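Quick notes on the structure that follows.
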Amino acid sequence: MDRRADPRVEVKLPCHVAFPRSKSRLFVGVTENMSRGGILVSWSADRMLTNLPKAGDLLTVDIELPANHSFGRRCMHCQAVVARVLVGDSGCARVAFQVNQMQFRSYANGKCAAATNRDQVSCSLM
């Protein structure tokens with residue numbers, strides 16, 4: 001039975017996952033699909049920088065958005081909780097996140113900018 005509250009959209013975008021307090025990056029992956037309240041991210045085992053996250057871990061997910069001539073590079077900065085972790089036979093891992101909060105931020109030099117009042121649009125999803 002599918003218990004999703006919101007429809008999923010298949011979209012492949014690069015993303016960076018980290019612990020929020022230390023900002024230490026866990027892995028760089030690719031989104032498989034997204035909804036208003038969730039993200040499924042995959043990556044290959046050779047791109048893993050540390051151990052797999054566990055269900056219940058609070059992480060940040062920075063999703064690179066395509067450039068737009070009107071407002072430049074942006075990213076979607078999400079505070080999310082790991083819902084489940086799936087590891088395939090080939091060593092590929094998939095992590096499902098429940099998104100608690102999201103902000104659209106400037107993206108430059110390979111990372112999301114820190115939040116500023118004039119440069120963020122945020123919404124709480126809980």
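Scheme for the structure tokens: letters A, B, ... for chains in order shown; per-chain residue numbers from 1; ligand numbers from 1 in order shown.
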
Practice problem: Find the residues around Cys75 of chain A up to 7 Å (only C-alpha atoms counted), leave out those fewer than 6 positions away in its own chain, and share them as a ChimeraX atom specification. | Solution: /A:62-65,104-107,112

Quiz prompt | Shell of 12 Å around Gly88 of chain A, only C-alpha atoms, local chain residues under 2 positions omitted, as a list in words | solution =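 What passes the distance filter is Ser42, Trp43, Ser44, Ala45, Val85, Leu86, Ser90, Gly91, Cys92, Ala93, Arg94 and Val95 of chain A.
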
Self-check item: Interatomic distance, atom CA of Val87 of chain A to atom CA of Ser22 of chain A (Å, one decimal)
Solution: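 Computing it gives 25.2 Å between the two atoms.
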
Spatial neighbours of Pro20 of chain A, max dist 12 Å, only C-alpha atoms, sep filter under 3 positions, as a PDB file with C-alpha atoms, in the first residue's frame:
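part.pdb, freshly written:
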```
ATOM      1  CA  HIS A  16      24.795  17.293  -1.147  1.00  0.00           C
ATOM      2  CA  VAL A  17      23.855  15.666   2.165  1.00  0.00           C
ATOM      3  CA  LYS A  23      28.348  20.803   8.111  1.00  0.00           C
ATOM      4  CA  SER A  24      30.451  17.718   7.404  1.00  0.00           C
ATOM      5  CA  ARG A  25      29.326  16.321   4.079  1.00  0.00           C
ATOM      6  CA  LEU A  26      28.188  12.708   4.126  1.00  0.00           C
ATOM      7  CA  ASP A  57      18.985  11.040  11.603  1.00  0.00           C
ATOM      8  CA  LEU A  58      18.444  14.774  11.069  1.00  0.00           C
ATOM      9  CA  LEU A  59      20.385  15.915   7.983  1.00  0.00           C
ATOM     10  CA  THR A  60      20.505  18.783   5.523  1.00  0.00           C
ATOM     11  CA  VAL A  61      20.027  18.186   1.804  1.00  0.00           C
ATOM     12  CA  ASP A  62      21.177  20.884  -0.624  1.00  0.00           C
ATOM     13  CA  HIS A  77      18.206  23.772   1.190  1.00  0.00           C
ATOM     14  CA  CYS A  78      16.170  21.180   3.113  1.00  0.00           C
ATOM     15  CA  GLN A  79      16.187  20.099   6.727  1.00  0.00           C
ATOM     16  CA  ALA A  80      15.131  16.473   6.580  1.00  0.00           C
ATOM     17  CA  VAL A  81      14.870  13.296   8.621  1.00  0.00           C
TER      18      VAL A  81
END
```

Practice problem: Show which residues sit within 6 Å of Lys12 of chain A, as a PyMOL selection string. Count only C-alpha atoms, and ignore same-chain residues fewer than 4 positions away. | Solution: chain A and resi 30-32

Could the residues in this selection be written to a file with C-alpha atoms, as a short mmCIF file (atom, residue, chain, number, x, y, z; two decimals), in the first residue's frame?
```cif
data_model
loop_
_atom_site.label_atom_id
_atom_site.label_comp_id
_atom_site.auth_asym_id
_atom_site.auth_seq_id
_atom_site.Cartn_x
_atom_site.Cartn_y
_atom_site.Cartn_z
CA VAL A 30 21.32 12.47 -7.21
CA THR A 31 17.64 12.90 -6.49
CA GLU A 32 15.46 10.16 -7.96
#
```
